[in-house]
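start33.pdb, holding PDB, N, CA and C atoms:
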ATOM      1  N   MET O   9     -41.650 171.732 111.696  1.00  0.00           N
ATOM      2  CA  MET O   9     -42.105 172.912 112.407  1.00  0.00           C
ATOM      3  C   MET O   9     -41.355 174.144 111.913  1.00  0.00           C
ATOM      4  N   LEU O  10     -40.060 174.011 111.769  1.00  0.00           N
ATOM      5  CA  LEU O  10     -39.273 175.135 111.266  1.00  0.00           C
ATOM      6  C   LEU O  10     -39.678 175.458 109.835  1.00  0.00           C
ATOM      7  N   HIS O  11     -40.019 174.442 109.087  1.00  0.00           N
ATOM      8  CA  HIS O  11     -40.459 174.644 107.706  1.00  0.00           C
ATOM      9  C   HIS O  11     -41.703 175.537 107.668  1.00  0.00           C
ATOM     10  N   TYR O  12     -42.673 175.268 108.542  1.00  0.00           N
ATOM     11  CA  TYR O  12     -43.887 176.071 108.577  1.00  0.00           C
ATOM     12  C   TYR O  12     -43.596 177.507 108.990  1.00  0.00           C
ATOM     13  N   ALA O  13     -42.682 177.682 109.931  1.00  0.00           N
ATOM     14  CA  ALA O  13     -42.311 179.035 110.345  1.00  0.00           C
ATOM     15  C   ALA O  13     -41.705 179.804 109.171  1.00  0.00           C
ATOM     16  N   LEU O  14     -40.854 179.150 108.408  1.00  0.00           N
ATOM     17  CA  LEU O  14     -40.254 179.815 107.248  1.00  0.00           C
ATOM     18  C   LEU O  14     -41.288 180.110 106.165  1.00  0.00           C
ATOM     19  N   VAL O  15     -42.249 179.203 105.984  1.00  0.00           N
ATOM     20  CA  VAL O  15     -43.301 179.425 104.994  1.00  0.00           C
ATOM     21  C   VAL O  15     -44.127 180.650 105.373  1.00  0.00           C
ATOM     22  N   PHE O  16     -44.517 180.755 106.640  1.00  0.00           N
ATOM     23  CA  PHE O  16     -45.299 181.911 107.063  1.00  0.00           C
ATOM     24  C   PHE O  16     -44.478 183.191 107.001  1.00  0.00           C
ATOM     25  N   LEU O  17     -43.172 183.102 107.235  1.00  0.00           N
ATOM     26  CA  LEU O  17     -42.311 184.277 107.100  1.00  0.00           C
ATOM     27  C   LEU O  17     -42.276 184.753 105.652  1.00  0.00           C
ATOM     28  N   VAL O  18     -42.171 183.833 104.719  1.00  0.00           N
ATOM     29  CA  VAL O  18     -42.176 184.200 103.301  1.00  0.00           C
ATOM     30  C   VAL O  18     -43.528 184.798 102.908  1.00  0.00           C
ATOM     31  N   ILE O  19     -44.610 184.214 103.407  1.00  0.00           N
ATOM     32  CA  ILE O  19     -45.941 184.762 103.134  1.00  0.00           C
ATOM     33  C   ILE O  19     -46.050 186.177 103.677  1.00  0.00           C
ATOM     34  N   ALA O  20     -45.521 186.403 104.874  1.00  0.00           N
ATOM     35  CA  ALA O  20     -45.568 187.734 105.474  1.00  0.00           C
ATOM     36  C   ALA O  20     -44.775 188.738 104.653  1.00  0.00           C
ATOM     37  N   ILE O  21     -43.620 188.346 104.173  1.00  0.00           N
ATOM     38  CA  ILE O  21     -42.791 189.252 103.372  1.00  0.00           C
ATOM     39  C   ILE O  21     -43.489 189.591 102.057  1.00  0.00           C
ATOM     40  N   ILE O  22     -44.051 188.581 101.397  1.00  0.00           N
ATOM     41  CA  ILE O  22     -44.749 188.822 100.128  1.00  0.00           C
ATOM     42  C   ILE O  22     -45.971 189.713 100.354  1.00  0.00           C
ATOM     43  N   ALA O  23     -46.723 189.445 101.412  1.00  0.00           N
ATOM     44  CA  ALA O  23     -47.905 190.260 101.699  1.00  0.00           C
ATOM     45  C   ALA O  23     -47.510 191.696 102.033  1.00  0.00           C
ATOM     46  N   ALA O  24     -46.400 191.879 102.740  1.00  0.00           N
ATOM     47  CA  ALA O  24     -45.945 193.229 103.070  1.00  0.00           C
ATOM     48  C   ALA O  24     -45.526 193.986 101.813  1.00  0.00           C
ATOM     49  N   VAL O  25     -44.854 193.305 100.911  1.00  0.00           N
ATOM     50  CA  VAL O  25     -44.423 193.949  99.666  1.00  0.00           C
ATOM     51  C   VAL O  25     -45.633 194.359  98.832  1.00  0.00           C
ATOM     52  N   LEU O  26     -46.678 193.534  98.836  1.00  0.00           N
ATOM     53  CA  LEU O  26     -47.870 193.829  98.050  1.00  0.00           C
ATOM     54  C   LEU O  26     -48.818 194.807  98.749  1.00  0.00           C
ATOM     55  N   GLY O  27     -48.525 195.150 100.005  1.00  0.00           N
ATOM     56  CA  GLY O  27     -49.322 196.145 100.703  1.00  0.00           C
ATOM     57  C   GLY O  27     -50.448 195.613 101.557  1.00  0.00           C
ATOM     58  N   PHE O  28     -50.468 194.341 101.808  1.00  0.00           N
ATOM     59  CA  PHE O  28     -51.497 193.763 102.664  1.00  0.00           C
ATOM     60  C   PHE O  28     -50.981 193.733 104.101  1.00  0.00           C
ATOM     61  N   GLY O  29     -51.165 194.833 104.814  1.00  0.00           N
ATOM     62  CA  GLY O  29     -50.598 194.979 106.159  1.00  0.00           C
ATOM     63  C   GLY O  29     -51.160 194.011 107.176  1.00  0.00           C
ATOM     64  N   GLY O  30     -52.478 193.823 107.177  1.00  0.00           N
ATOM     65  CA  GLY O  30     -53.090 192.930 108.159  1.00  0.00           C
ATOM     66  C   GLY O  30     -52.677 191.486 107.975  1.00  0.00           C
ATOM     67  N   ILE O  31     -52.666 191.043 106.742  1.00  0.00           N
ATOM     68  CA  ILE O  31     -52.259 189.667 106.444  1.00  0.00           C
ATOM     69  C   ILE O  31     -50.780 189.470 106.767  1.00  0.00           C
ATOM     70  N   ALA O  32     -49.979 190.476 106.449  1.00  0.00           N
ATOM     71  CA  ALA O  32     -48.542 190.378 106.715  1.00  0.00           C
ATOM     72  C   ALA O  32     -48.273 190.297 108.215  1.00  0.00           C
ATOM     73  N   GLY O  33     -48.978 191.093 108.989  1.00  0.00           N
ATOM     74  CA  GLY O  33     -48.801 191.065 110.438  1.00  0.00           C
ATOM     75  C   GLY O  33     -49.200 189.742 111.042  1.00  0.00           C
ATOM     76  N   THR O  34     -50.315 189.212 110.577  1.00  0.00           N
ATOM     77  CA  THR O  34     -50.783 187.927 111.089  1.00  0.00           C
ATOM     78  C   THR O  34     -49.828 186.803 110.717  1.00  0.00           C
ATOM     79  N   ALA O  35     -49.374 186.785 109.484  1.00  0.00           N
ATOM     80  CA  ALA O  35     -48.440 185.738 109.050  1.00  0.00           C
ATOM     81  C   ALA O  35     -47.112 185.848 109.801  1.00  0.00           C
ATOM     82  N   ALA O  36     -46.659 187.068 110.051  1.00  0.00           N
ATOM     83  CA  ALA O  36     -45.413 187.247 110.805  1.00  0.00           C
ATOM     84  C   ALA O  36     -45.587 186.767 112.242  1.00  0.00           C
ATOM     85  N   TRP O  37     -46.752 187.035 112.840  1.00  0.00           N
ATOM     86  CA  TRP O  37     -47.007 186.584 114.205  1.00  0.00           C
ATOM     87  C   TRP O  37     -47.031 185.059 114.268  1.00  0.00           C
ATOM     88  N   ILE O  38     -47.678 184.420 113.303  1.00  0.00           N
ATOM     89  CA  ILE O  38     -47.721 182.955 113.258  1.00  0.00           C
ATOM     90  C   ILE O  38     -46.313 182.390 113.092  1.00  0.00           C
ATOM     91  N   ALA O  39     -45.509 183.018 112.245  1.00  0.00           N
ATOM     92  CA  ALA O  39     -44.132 182.560 112.048  1.00  0.00           C
ATOM     93  C   ALA O  39     -43.337 182.668 113.342  1.00  0.00           C
ATOM     94  N   GLN O  40     -43.523 183.740 114.094  1.00  0.00           N
ATOM     95  CA  GLN O  40     -42.811 183.899 115.359  1.00  0.00           C
ATOM     96  C   GLN O  40     -43.228 182.829 116.363  1.00  0.00           C
ATOM     97  N   VAL O  41     -44.519 182.575 116.466  1.00  0.00           N
ATOM     98  CA  VAL O  41     -45.014 181.570 117.406  1.00  0.00           C
ATOM     99  C   VAL O  41     -44.471 180.190 117.046  1.00  0.00           C
ATOM    100  N   LEU O  42     -44.525 179.841 115.773  1.00  0.00           N
ATOM    101  CA  LEU O  42     -44.024 178.527 115.350  1.00  0.00           C
ATOM    102  C   LEU O  42     -42.524 178.404 115.583  1.00  0.00           C
ATOM    103  N   PHE O  43     -41.780 179.499 115.388  1.00  0.00           N
ATOM    104  CA  PHE O  43     -40.340 179.454 115.608  1.00  0.00           C
ATOM    105  C   PHE O  43     -40.021 179.255 117.083  1.00  0.00           C
ATOM    106  N   VAL O  44     -40.764 179.913 117.961  1.00  0.00           N
ATOM    107  CA  VAL O  44     -40.543 179.738 119.402  1.00  0.00           C
ATOM    108  C   VAL O  44     -40.870 178.303 119.818  1.00  0.00           C
ATOM    109  N   ILE O  45     -41.964 177.763 119.308  1.00  0.00           N
ATOM    110  CA  ILE O  45     -42.318 176.374 119.609  1.00  0.00           C
ATOM    111  C   ILE O  45     -41.224 175.433 119.108  1.00  0.00           C
ATOM    112  N   PHE O  46     -40.699 175.695 117.909  1.00  0.00           N
ATOM    113  CA  PHE O  46     -39.611 174.885 117.368  1.00  0.00           C
ATOM    114  C   PHE O  46     -38.385 174.947 118.273  1.00  0.00           C
ATOM    115  N   LEU O  47     -38.034 176.148 118.735  1.00  0.00           N
ATOM    116  CA  LEU O  47     -36.869 176.275 119.616  1.00  0.00           C
ATOM    117  C   LEU O  47     -37.060 175.507 120.916  1.00  0.00           C
ATOM    118  N   ILE O  48     -38.237 175.626 121.511  1.00  0.00           N
ATOM    119  CA  ILE O  48     -38.504 174.919 122.764  1.00  0.00           C
ATOM    120  C   ILE O  48     -38.425 173.411 122.560  1.00  0.00           C
ATOM    121  N   LEU O  49     -39.044 172.916 121.507  1.00  0.00           N
ATOM    122  CA  LEU O  49     -38.994 171.476 121.244  1.00  0.00           C
ATOM    123  C   LEU O  49     -37.576 171.003 120.927  1.00  0.00           C
ATOM    124  N   SER O  50     -36.781 171.832 120.265  1.00  0.00           N
ATOM    125  CA  SER O  50     -35.390 171.477 119.966  1.00  0.00           C
ATOM    126  C   SER O  50     -34.562 171.364 121.240  1.00  0.00           C
ATOM    127  N   VAL O  51     -34.750 172.295 122.156  1.00  0.00           N
ATOM    128  CA  VAL O  51     -34.014 172.260 123.421  1.00  0.00           C
ATOM    129  C   VAL O  51     -34.430 171.036 124.232  1.00  0.00           C
ATOM    130  N   VAL O  52     -35.721 170.745 124.280  1.00  0.00           N
ATOM    131  CA  VAL O  52     -36.199 169.576 125.017  1.00  0.00           C
ATOM    132  C   VAL O  52     -35.620 168.303 124.407  1.00  0.00           C
ATOM    133  N   ALA O  53     -35.635 168.203 123.096  1.00  0.00           N
ATOM    134  CA  ALA O  53     -35.086 167.019 122.432  1.00  0.00           C
ATOM    135  C   ALA O  53     -33.591 166.895 122.689  1.00  0.00           C
ATOM    136  N   PHE O  54     -32.894 168.008 122.679  1.00  0.00           N
ATOM    137  CA  PHE O  54     -31.448 167.980 122.940  1.00  0.00           C
ATOM    138  C   PHE O  54     -31.163 167.529 124.371  1.00  0.00           C
ATOM    139  N   LEU O  55     -31.933 168.023 125.326  1.00  0.00           N
ATOM    140  CA  LEU O  55     -31.722 167.657 126.731  1.00  0.00           C
ATOM    141  C   LEU O  55     -32.065 166.195 126.961  1.00  0.00           C
ATOM    142  N   ARG O  56     -33.094 165.705 126.340  1.00  0.00           N
ATOM    143  CA  ARG O  56     -33.464 164.289 126.506  1.00  0.00           C
ATOM    144  C   ARG O  56     -32.425 163.384 125.855  1.00  0.00           C
ATOM    145  N   ARG O  57     -31.849 163.845 124.749  1.00  0.00           N
ATOM    146  CA  ARG O  57     -30.849 163.042 124.037  1.00  0.00           C
ATOM    147  C   ARG O  57     -29.541 162.986 124.798  1.00  0.00           C
ATOM    148  N   SER O  58     -29.202 164.041 125.542  1.00  0.00           N
ATOM    149  CA  SER O  58     -27.914 164.113 126.216  1.00  0.00           C
ATOM    150  C   SER O  58     -27.858 163.275 127.498  1.00  0.00           C
ATOM    151  N   ARG O  59     -28.992 162.791 127.957  1.00  0.00           N
ATOM    152  CA  ARG O  59     -28.991 162.000 129.199  1.00  0.00           C
ATOM    153  C   ARG O  59     -28.504 160.620 128.964  1.00  0.00           C
TER     154      ARG O  59
END
Any chance you could give the structure as structure tokens?
Amino acid sequence: MLHYALVFLVIAIIAAVLGFGGIAGTAAWIAQVLFVIFLILSVVAFLRRSR
């Protein structure tokens, strides 16, 4: 999951450098959503493991 977030972040950076604003914004939004999902799943896994 974190891998996909980083991939979309790199896509967003490359698209921003090349001037594709809409694509860059969408890729950055997807990266943010995937990163939040990764964080939530990591916390849940950590809490389940600590019991």
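For the file shown, the residue list from the PyMOL selection byres ((chain O and resi 9) around 6) reads Leu10, His11, Tyr12, Ala13, Leu42 and Phe46 of chain O.
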Output N, CA and C atoms of each residue in that selection to a file, as an mmCIF file, in the frame of the given file.
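As written to disk, out24.cif reads:
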data_model
loop_
_atom_site.group_PDB
_atom_site.id
_atom_site.type_symbol
_atom_site.label_atom_id
_atom_site.label_comp_id
_atom_site.auth_asym_id
_atom_site.auth_seq_id
_atom_site.Cartn_x
_atom_site.Cartn_y
_atom_site.Cartn_z
ATOM 1 N N LEU O 10 -40.060 174.011 111.769
ATOM 2 C CA LEU O 10 -39.273 175.135 111.266
ATOM 3 C C LEU O 10 -39.678 175.458 109.835
ATOM 4 N N HIS O 11 -40.019 174.442 109.087
ATOM 5 C CA HIS O 11 -40.459 174.644 107.706
ATOM 6 C C HIS O 11 -41.703 175.537 107.668
ATOM 7 N N TYR O 12 -42.673 175.268 108.542
ATOM 8 C CA TYR O 12 -43.887 176.071 108.577
ATOM 9 C C TYR O 12 -43.596 177.507 108.990
ATOM 10 N N ALA O 13 -42.682 177.682 109.931
ATOM 11 C CA ALA O 13 -42.311 179.035 110.345
ATOM 12 C C ALA O 13 -41.705 179.804 109.171
ATOM 13 N N LEU O 42 -44.525 179.841 115.773
ATOM 14 C CA LEU O 42 -44.024 178.527 115.350
ATOM 15 C C LEU O 42 -42.524 178.404 115.583
ATOM 16 N N PHE O 46 -40.699 175.695 117.909
ATOM 17 C CA PHE O 46 -39.611 174.885 117.368
ATOM 18 C C PHE O 46 -38.385 174.947 118.273
#
Note to self: Starting from the PyMOL selection byres (((chain O and resi 38 and name CA) around 12) and name CA), expand the selection into actual residues of this file and give them as a ChimeraX atom specification.
What the structure shows: /O:9-10,12-20,31-37,39-45
Go ahead and dump the residues you just picked, N, CA and C atoms, as a PDB file, in the frame of the given file.
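result.pdb written:
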ATOM      1  N   MET O   9     -41.650 171.732 111.696  1.00  0.00           N
ATOM      2  CA  MET O   9     -42.105 172.912 112.407  1.00  0.00           C
ATOM      3  C   MET O   9     -41.355 174.144 111.913  1.00  0.00           C
ATOM      4  N   LEU O  10     -40.060 174.011 111.769  1.00  0.00           N
ATOM      5  CA  LEU O  10     -39.273 175.135 111.266  1.00  0.00           C
ATOM      6  C   LEU O  10     -39.678 175.458 109.835  1.00  0.00           C
ATOM      7  N   TYR O  12     -42.673 175.268 108.542  1.00  0.00           N
ATOM      8  CA  TYR O  12     -43.887 176.071 108.577  1.00  0.00           C
ATOM      9  C   TYR O  12     -43.596 177.507 108.990  1.00  0.00           C
ATOM     10  N   ALA O  13     -42.682 177.682 109.931  1.00  0.00           N
ATOM     11  CA  ALA O  13     -42.311 179.035 110.345  1.00  0.00           C
ATOM     12  C   ALA O  13     -41.705 179.804 109.171  1.00  0.00           C
ATOM     13  N   LEU O  14     -40.854 179.150 108.408  1.00  0.00           N
ATOM     14  CA  LEU O  14     -40.254 179.815 107.248  1.00  0.00           C
ATOM     15  C   LEU O  14     -41.288 180.110 106.165  1.00  0.00           C
ATOM     16  N   VAL O  15     -42.249 179.203 105.984  1.00  0.00           N
ATOM     17  CA  VAL O  15     -43.301 179.425 104.994  1.00  0.00           C
ATOM     18  C   VAL O  15     -44.127 180.650 105.373  1.00  0.00           C
ATOM     19  N   PHE O  16     -44.517 180.755 106.640  1.00  0.00           N
ATOM     20  CA  PHE O  16     -45.299 181.911 107.063  1.00  0.00           C
ATOM     21  C   PHE O  16     -44.478 183.191 107.001  1.00  0.00           C
ATOM     22  N   LEU O  17     -43.172 183.102 107.235  1.00  0.00           N
ATOM     23  CA  LEU O  17     -42.311 184.277 107.100  1.00  0.00           C
ATOM     24  C   LEU O  17     -42.276 184.753 105.652  1.00  0.00           C
ATOM     25  N   VAL O  18     -42.171 183.833 104.719  1.00  0.00           N
ATOM     26  CA  VAL O  18     -42.176 184.200 103.301  1.00  0.00           C
ATOM     27  C   VAL O  18     -43.528 184.798 102.908  1.00  0.00           C
ATOM     28  N   ILE O  19     -44.610 184.214 103.407  1.00  0.00           N
ATOM     29  CA  ILE O  19     -45.941 184.762 103.134  1.00  0.00           C
ATOM     30  C   ILE O  19     -46.050 186.177 103.677  1.00  0.00           C
ATOM     31  N   ALA O  20     -45.521 186.403 104.874  1.00  0.00           N
ATOM     32  CA  ALA O  20     -45.568 187.734 105.474  1.00  0.00           C
ATOM     33  C   ALA O  20     -44.775 188.738 104.653  1.00  0.00           C
ATOM     34  N   ILE O  31     -52.666 191.043 106.742  1.00  0.00           N
ATOM     35  CA  ILE O  31     -52.259 189.667 106.444  1.00  0.00           C
ATOM     36  C   ILE O  31     -50.780 189.470 106.767  1.00  0.00           C
ATOM     37  N   ALA O  32     -49.979 190.476 106.449  1.00  0.00           N
ATOM     38  CA  ALA O  32     -48.542 190.378 106.715  1.00  0.00           C
ATOM     39  C   ALA O  32     -48.273 190.297 108.215  1.00  0.00           C
ATOM     40  N   GLY O  33     -48.978 191.093 108.989  1.00  0.00           N
ATOM     41  CA  GLY O  33     -48.801 191.065 110.438  1.00  0.00           C
ATOM     42  C   GLY O  33     -49.200 189.742 111.042  1.00  0.00           C
ATOM     43  N   THR O  34     -50.315 189.212 110.577  1.00  0.00           N
ATOM     44  CA  THR O  34     -50.783 187.927 111.089  1.00  0.00           C
ATOM     45  C   THR O  34     -49.828 186.803 110.717  1.00  0.00           C
ATOM     46  N   ALA O  35     -49.374 186.785 109.484  1.00  0.00           N
ATOM     47  CA  ALA O  35     -48.440 185.738 109.050  1.00  0.00           C
ATOM     48  C   ALA O  35     -47.112 185.848 109.801  1.00  0.00           C
ATOM     49  N   ALA O  36     -46.659 187.068 110.051  1.00  0.00           N
ATOM     50  CA  ALA O  36     -45.413 187.247 110.805  1.00  0.00           C
ATOM     51  C   ALA O  36     -45.587 186.767 112.242  1.00  0.00           C
ATOM     52  N   TRP O  37     -46.752 187.035 112.840  1.00  0.00           N
ATOM     53  CA  TRP O  37     -47.007 186.584 114.205  1.00  0.00           C
ATOM     54  C   TRP O  37     -47.031 185.059 114.268  1.00  0.00           C
ATOM     55  N   ALA O  39     -45.509 183.018 112.245  1.00  0.00           N
ATOM     56  CA  ALA O  39     -44.132 182.560 112.048  1.00  0.00           C
ATOM     57  C   ALA O  39     -43.337 182.668 113.342  1.00  0.00           C
ATOM     58  N   GLN O  40     -43.523 183.740 114.094  1.00  0.00           N
ATOM     59  CA  GLN O  40     -42.811 183.899 115.359  1.00  0.00           C
ATOM     60  C   GLN O  40     -43.228 182.829 116.363  1.00  0.00           C
ATOM     61  N   VAL O  41     -44.519 182.575 116.466  1.00  0.00           N
ATOM     62  CA  VAL O  41     -45.014 181.570 117.406  1.00  0.00           C
ATOM     63  C   VAL O  41     -44.471 180.190 117.046  1.00  0.00           C
ATOM     64  N   LEU O  42     -44.525 179.841 115.773  1.00  0.00           N
ATOM     65  CA  LEU O  42     -44.024 178.527 115.350  1.00  0.00           C
ATOM     66  C   LEU O  42     -42.524 178.404 115.583  1.00  0.00           C
ATOM     67  N   PHE O  43     -41.780 179.499 115.388  1.00  0.00           N
ATOM     68  CA  PHE O  43     -40.340 179.454 115.608  1.00  0.00           C
ATOM     69  C   PHE O  43     -40.021 179.255 117.083  1.00  0.00           C
ATOM     70  N   VAL O  44     -40.764 179.913 117.961  1.00  0.00           N
ATOM     71  CA  VAL O  44     -40.543 179.738 119.402  1.00  0.00           C
ATOM     72  C   VAL O  44     -40.870 178.303 119.818  1.00  0.00           C
ATOM     73  N   ILE O  45     -41.964 177.763 119.308  1.00  0.00           N
ATOM     74  CA  ILE O  45     -42.318 176.374 119.609  1.00  0.00           C
ATOM     75  C   ILE O  45     -41.224 175.433 119.108  1.00  0.00           C
TER      76      ILE O  45
END
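We find CA of Ile22 in chain O and atom N of Leu47 in chain O to be spaced 23.5 Å apart.
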